[in-house]
file target.tsv (TSV, C-alpha atoms)
chain	number	residue	atom	x	y	z
A	151	MET	CA	132.64	75.56	56.78
A	152	ILE	CA	135.18	78.20	57.64
A	153	TYR	CA	137.15	79.46	54.64
A	154	VAL	CA	140.09	81.81	54.96
A	155	GLN	CA	142.82	82.91	52.63
A	156	SER	CA	145.96	84.75	53.67
A	157	HIS	CA	148.33	86.25	51.12
A	158	LEU	CA	151.54	88.09	51.96
A	159	HIS	CA	154.71	88.87	50.09
A	160	LEU	CA	158.22	89.67	51.14
A	161	LYS	CA	160.93	91.33	49.12
A	162	VAL	CA	164.19	89.89	50.36
A	163	GLU	CA	166.66	92.18	48.59
A	164	ARG	CA	167.79	93.89	51.81
A	165	LEU	CA	168.14	90.53	53.53
A	166	LEU	CA	170.25	89.15	50.66
A	167	GLU	CA	172.58	92.14	50.85
A	168	GLU	CA	172.70	92.03	54.66
A	169	ILE	CA	173.79	88.40	54.78
A	170	GLY	CA	175.92	88.56	51.64
A	171	ILE	CA	174.27	86.08	49.31
A	172	PRO	CA	174.77	86.57	45.58
A	173	GLU	CA	172.03	85.84	43.07
A	174	LEU	CA	170.14	82.65	43.91
A	175	THR	CA	170.34	79.65	41.58
A	176	SER	CA	167.15	78.05	40.28
A	177	GLU	CA	167.78	75.08	42.59
A	178	GLN	CA	168.08	77.39	45.60
A	179	VAL	CA	164.86	79.19	44.64
A	180	GLU	CA	163.07	75.85	44.34
A	181	GLU	CA	164.39	74.72	47.72
A	182	LEU	CA	163.42	78.07	49.28
A	183	CYS	CA	159.83	77.53	48.07
A	184	GLU	CA	159.75	74.00	49.51
A	185	VAL	CA	161.09	75.19	52.85
A	186	ALA	CA	158.43	77.92	53.08
A	187	GLU	CA	155.60	75.59	52.08
A	188	ASN	CA	156.67	72.93	54.57
A	189	ALA	CA	156.89	75.46	57.40
A	190	ALA	CA	153.37	76.74	56.75
A	191	ARG	CA	151.96	73.20	56.44
A	192	GLU	CA	153.71	71.99	59.60
A	193	TYR	CA	152.35	74.94	61.55
A	194	ILE	CA	148.74	74.29	60.48
A	195	LEU	CA	149.02	70.56	61.13
A	196	SER	CA	150.54	71.19	64.55
A	197	LYS	CA	147.40	73.12	65.52
A	198	LEU	CA	144.68	70.97	63.95
A	199	PRO	CA	144.19	67.30	63.15
A	200	LEU	CA	144.13	66.63	59.41
A	201	HIS	CA	140.57	65.30	59.52
A	202	ARG	CA	139.34	68.75	60.68
A	203	ILE	CA	140.76	70.44	57.59
A	204	SER	CA	138.62	70.26	54.47
A	205	VAL	CA	141.00	72.17	52.20
A	206	LEU	CA	144.58	73.26	52.73
A	207	ASN	CA	146.34	74.89	49.80
A	208	ILE	CA	149.70	76.52	50.28
A	209	THR	CA	151.31	78.25	47.35
A	210	VAL	CA	154.77	79.77	47.40
A	211	GLU	CA	155.94	81.71	44.39
A	212	THR	CA	159.04	83.76	43.73
A	213	GLU	CA	159.82	86.52	41.30
A	214	GLY	CA	163.38	87.27	40.30
A	215	THR	CA	166.64	86.01	41.72
A	216	ARG	CA	168.11	89.28	43.05
A	217	PRO	CA	166.07	90.80	44.44
A	218	VAL	CA	163.78	87.89	45.20
A	219	THR	CA	160.15	88.55	45.96
A	220	VAL	CA	158.50	85.68	47.82
A	221	ASN	CA	154.70	85.34	47.77
A	222	VAL	CA	153.02	82.95	50.19
A	223	ASP	CA	149.34	82.16	49.90
A	224	VAL	CA	147.66	79.98	52.54
A	225	GLU	CA	144.10	78.90	51.83
A	226	ILE	CA	142.32	76.87	54.48
A	227	THR	CA	138.79	75.58	54.78
A	228	LEU	CA	137.98	74.00	58.12
A	229	SER	CA	135.36	71.49	59.11
A	230	PRO	CA	132.04	73.00	60.23
A	231	LEU	CA	132.54	71.07	63.49
A	232	LEU	CA	135.26	73.53	64.49
A	233	LYS	CA	133.37	76.38	66.10
A	234	ASN	CA	136.03	78.04	68.26
A	235	CYS	CA	138.91	78.07	65.80
A	236	ASP	CA	140.22	81.35	64.38
A	237	ALA	CA	141.09	80.20	60.87
A	238	GLU	CA	142.19	83.67	59.76
A	239	LYS	CA	144.70	83.94	62.59
A	240	MET	CA	145.93	80.44	61.84
A	241	ALA	CA	146.45	81.22	58.14
A	242	ASN	CA	148.27	84.45	59.00
A	243	GLU	CA	150.52	82.69	61.51
A	244	ALA	CA	151.29	79.96	58.98
A	245	THR	CA	152.32	82.64	56.49
A	246	LYS	CA	154.59	84.27	59.09
A	247	LYS	CA	156.18	80.88	59.83
A	248	ALA	CA	156.84	80.45	56.11
A	249	PHE	CA	158.63	83.80	55.94
A	250	LYS	CA	160.70	83.03	59.03
A	251	SER	CA	161.77	79.77	57.41
A	252	VAL	CA	162.76	81.70	54.26
A	253	GLU	CA	164.96	83.98	56.32
A	254	ARG	CA	166.50	81.03	58.17
A	255	TYR	CA	167.15	79.24	54.86
A	256	LEU	CA	168.87	82.30	53.38
A	257	ARG	CA	171.03	82.73	56.47
A	258	GLU	CA	172.06	79.04	56.24
A	259	LEU	CA	172.97	79.59	52.59
A	260	ALA	CA	175.15	82.53	53.61
A	261	CYS	CA	176.96	80.37	56.15
A	262	LYS	CA	177.58	77.64	53.56
A	263	SER	CA	178.79	80.09	50.91
A	264	ALA	CA	181.17	81.73	53.41
A	265	LYS	CA	183.02	78.42	53.92
call {"tool": "encode", "arguments": {"input": "target.tsv", "output": "structure tokens"}}
result
Amino acid sequence: MIYVQSHLHLKVERLLEEIGIPELTSEQVEELCEVAENAAREYILSKLPLHRISVLNITVETEGTRPVTVNVDVEITLSPLLKNCDAEKMANEATKKAFKSVERYLRELACKSAK
């Protein structure tokens, strides 16, 4: 089995100020977490068939509402049959995709709140 865990965090205070979003509501924070988790999961599942993944845990947590700190943790255990797969790189890329989706979500919020 190949086990890898990737954990990164992003403080989005500068991004919130840059795009002009006031303090996030609890519903927006919850949606932000779902968006990030889905992006990480979709990335992993686009690279590997589900039956080759023994464990896939994706956790997205936030602290605060302004500034917001987003923590993404991707834990993946792959089938021992996968010999040429770089699980660490995959977990790191999934985490990056999650953060890109957070930024995209916040920019969409800014567009909606500007209307």
call {"tool": "closest_residue", "arguments": {"input": "target.tsv", "among": "A:Leu259, A:Val220, A:Leu232, A:Leu182", "to": "Ser204 in chain A", "atoms": "all atoms listed in the file"}}
result
A:Leu232
call {"tool": "residues_near_point", "arguments": {"input": "target.tsv", "point": "(165.8, 83.1, 56.1)", "cutoff": "10 Å", "atoms": "only C-alpha atoms", "output": "ChimeraX atom specification"}}
result
/A:162,165-166,169,182,185-186,248-260
call {"tool": "closest_residue", "arguments": {"input": "target.tsv", "among": "A:Asn188, A:Arg202, A:Ile208, A:Lys233", "to": "Asn221 in chain A", "atoms": "all atoms listed in the file"}}
result
A:Ile208
call {"tool": "atom_distance", "arguments": {"input": "target.tsv", "atom1": "CA of Ala237 in chain A", "atom2": "CA of Ile194 in chain A"}}
result
9.7 Å
call {"tool": "atom_distance", "arguments": {"input": "target.tsv", "atom1": "CA of Ile226 in chain A", "atom2": "CA of Thr212 in chain A"}}
result
21.0 Å
call {"tool": "atom_distance", "arguments": {"input": "target.tsv", "atom1": "CA of Asn207 in chain A", "atom2": "CA of Ala190 in chain A"}}
result
10.1 Å
call {"tool": "closest_residue", "arguments": {"input": "target.tsv", "among": "A:Cys235, A:Cys261, A:Leu228, A:Ala241", "to": "Leu200 in chain A", "atoms": "all atoms listed in the file"}}
result
A:Leu228
call {"tool": "closest_residue", "arguments": {"input": "target.tsv", "among": "A:Lys262, A:Glu173, A:Glu187, A:His201", "to": "Ser229 in chain A", "atoms": "only C-alpha atoms"}}
result
A:His201
call {"tool": "closest_residue", "arguments": {"input": "target.tsv", "among": "A:Glu192, A:Asp223, A:Pro199, A:Leu206", "to": "Asn242 in chain A", "atoms": "only C-alpha atoms"}}
result
A:Asp223
call {"tool": "closest_residue", "arguments": {"input": "target.tsv", "among": "A:Val218, A:Leu198, A:Arg191, A:Val224", "to": "Val179 in chain A", "atoms": "all atoms listed in the file"}}
result
A:Val218
call {"tool": "build_atoms", "arguments": {"input": "target.tsv", "residues": "range 232-249 of chain A", "atoms": "N, CA and C atoms", "output": "mmCIF file, in the frame of the given file"}}
result
data_model
loop_
_atom_site.group_PDB
_atom_site.id
_atom_site.type_symbol
_atom_site.label_atom_id
_atom_site.label_comp_id
_atom_site.auth_asym_id
_atom_site.auth_seq_id
_atom_site.Cartn_x
_atom_site.Cartn_y
_atom_site.Cartn_z
ATOM 1 N N LEU A 232 134.356 72.657 63.740
ATOM 2 C CA LEU A 232 135.260 73.530 64.490
ATOM 3 C C LEU A 232 134.606 74.895 64.667
ATOM 4 N N LYS A 233 134.102 75.126 65.834
ATOM 5 C CA LYS A 233 133.370 76.380 66.100
ATOM 6 C C LYS A 233 134.273 77.460 66.705
ATOM 7 N N ASN A 234 135.230 77.057 67.532
ATOM 8 C CA ASN A 234 136.030 78.040 68.260
ATOM 9 C C ASN A 234 137.441 78.182 67.695
ATOM 10 N N CYS A 235 137.595 77.993 66.415
ATOM 11 C CA CYS A 235 138.910 78.070 65.800
ATOM 12 C C CYS A 235 138.987 79.337 64.946
ATOM 13 N N ASP A 236 140.016 80.129 65.153
ATOM 14 C CA ASP A 236 140.220 81.350 64.380
ATOM 15 C C ASP A 236 141.072 81.007 63.161
ATOM 16 N N ALA A 237 140.402 80.645 62.071
ATOM 17 C CA ALA A 237 141.090 80.200 60.870
ATOM 18 C C ALA A 237 141.928 81.320 60.252
ATOM 19 N N GLU A 238 141.444 82.542 60.333
ATOM 20 C CA GLU A 238 142.190 83.670 59.760
ATOM 21 C C GLU A 238 143.522 83.848 60.492
ATOM 22 N N LYS A 239 143.475 83.807 61.797
ATOM 23 C CA LYS A 239 144.700 83.940 62.590
ATOM 24 C C LYS A 239 145.655 82.794 62.278
ATOM 25 N N MET A 240 145.110 81.598 62.137
ATOM 26 C CA MET A 240 145.930 80.440 61.840
ATOM 27 C C MET A 240 146.618 80.576 60.476
ATOM 28 N N ALA A 241 145.874 81.033 59.480
ATOM 29 C CA ALA A 241 146.450 81.220 58.140
ATOM 30 C C ALA A 241 147.529 82.299 58.167
ATOM 31 N N ASN A 242 147.276 83.381 58.897
ATOM 32 C CA ASN A 242 148.270 84.450 59.000
ATOM 33 C C ASN A 242 149.534 83.979 59.718
ATOM 34 N N GLU A 243 149.367 83.220 60.779
ATOM 35 C CA GLU A 243 150.520 82.690 61.510
ATOM 36 C C GLU A 243 151.315 81.709 60.647
ATOM 37 N N ALA A 244 150.614 80.900 59.875
ATOM 38 C CA ALA A 244 151.290 79.960 58.980
ATOM 39 C C ALA A 244 152.117 80.713 57.946
ATOM 40 N N THR A 245 151.595 81.811 57.453
ATOM 41 C CA THR A 245 152.320 82.640 56.490
ATOM 42 C C THR A 245 153.560 83.241 57.141
ATOM 43 N N LYS A 246 153.428 83.717 58.372
ATOM 44 C CA LYS A 246 154.590 84.270 59.090
ATOM 45 C C LYS A 246 155.663 83.192 59.306
ATOM 46 N N LYS A 247 155.224 81.982 59.645
ATOM 47 C CA LYS A 247 156.180 80.880 59.830
ATOM 48 C C LYS A 247 156.923 80.591 58.527
ATOM 49 N N ALA A 248 156.206 80.670 57.417
ATOM 50 C CA ALA A 248 156.840 80.450 56.110
ATOM 51 C C ALA A 248 157.925 81.481 55.865
ATOM 52 N N PHE A 249 157.636 82.750 56.162
ATOM 53 C CA PHE A 249 158.630 83.800 55.940
ATOM 54 C C PHE A 249 159.820 83.669 56.886
#
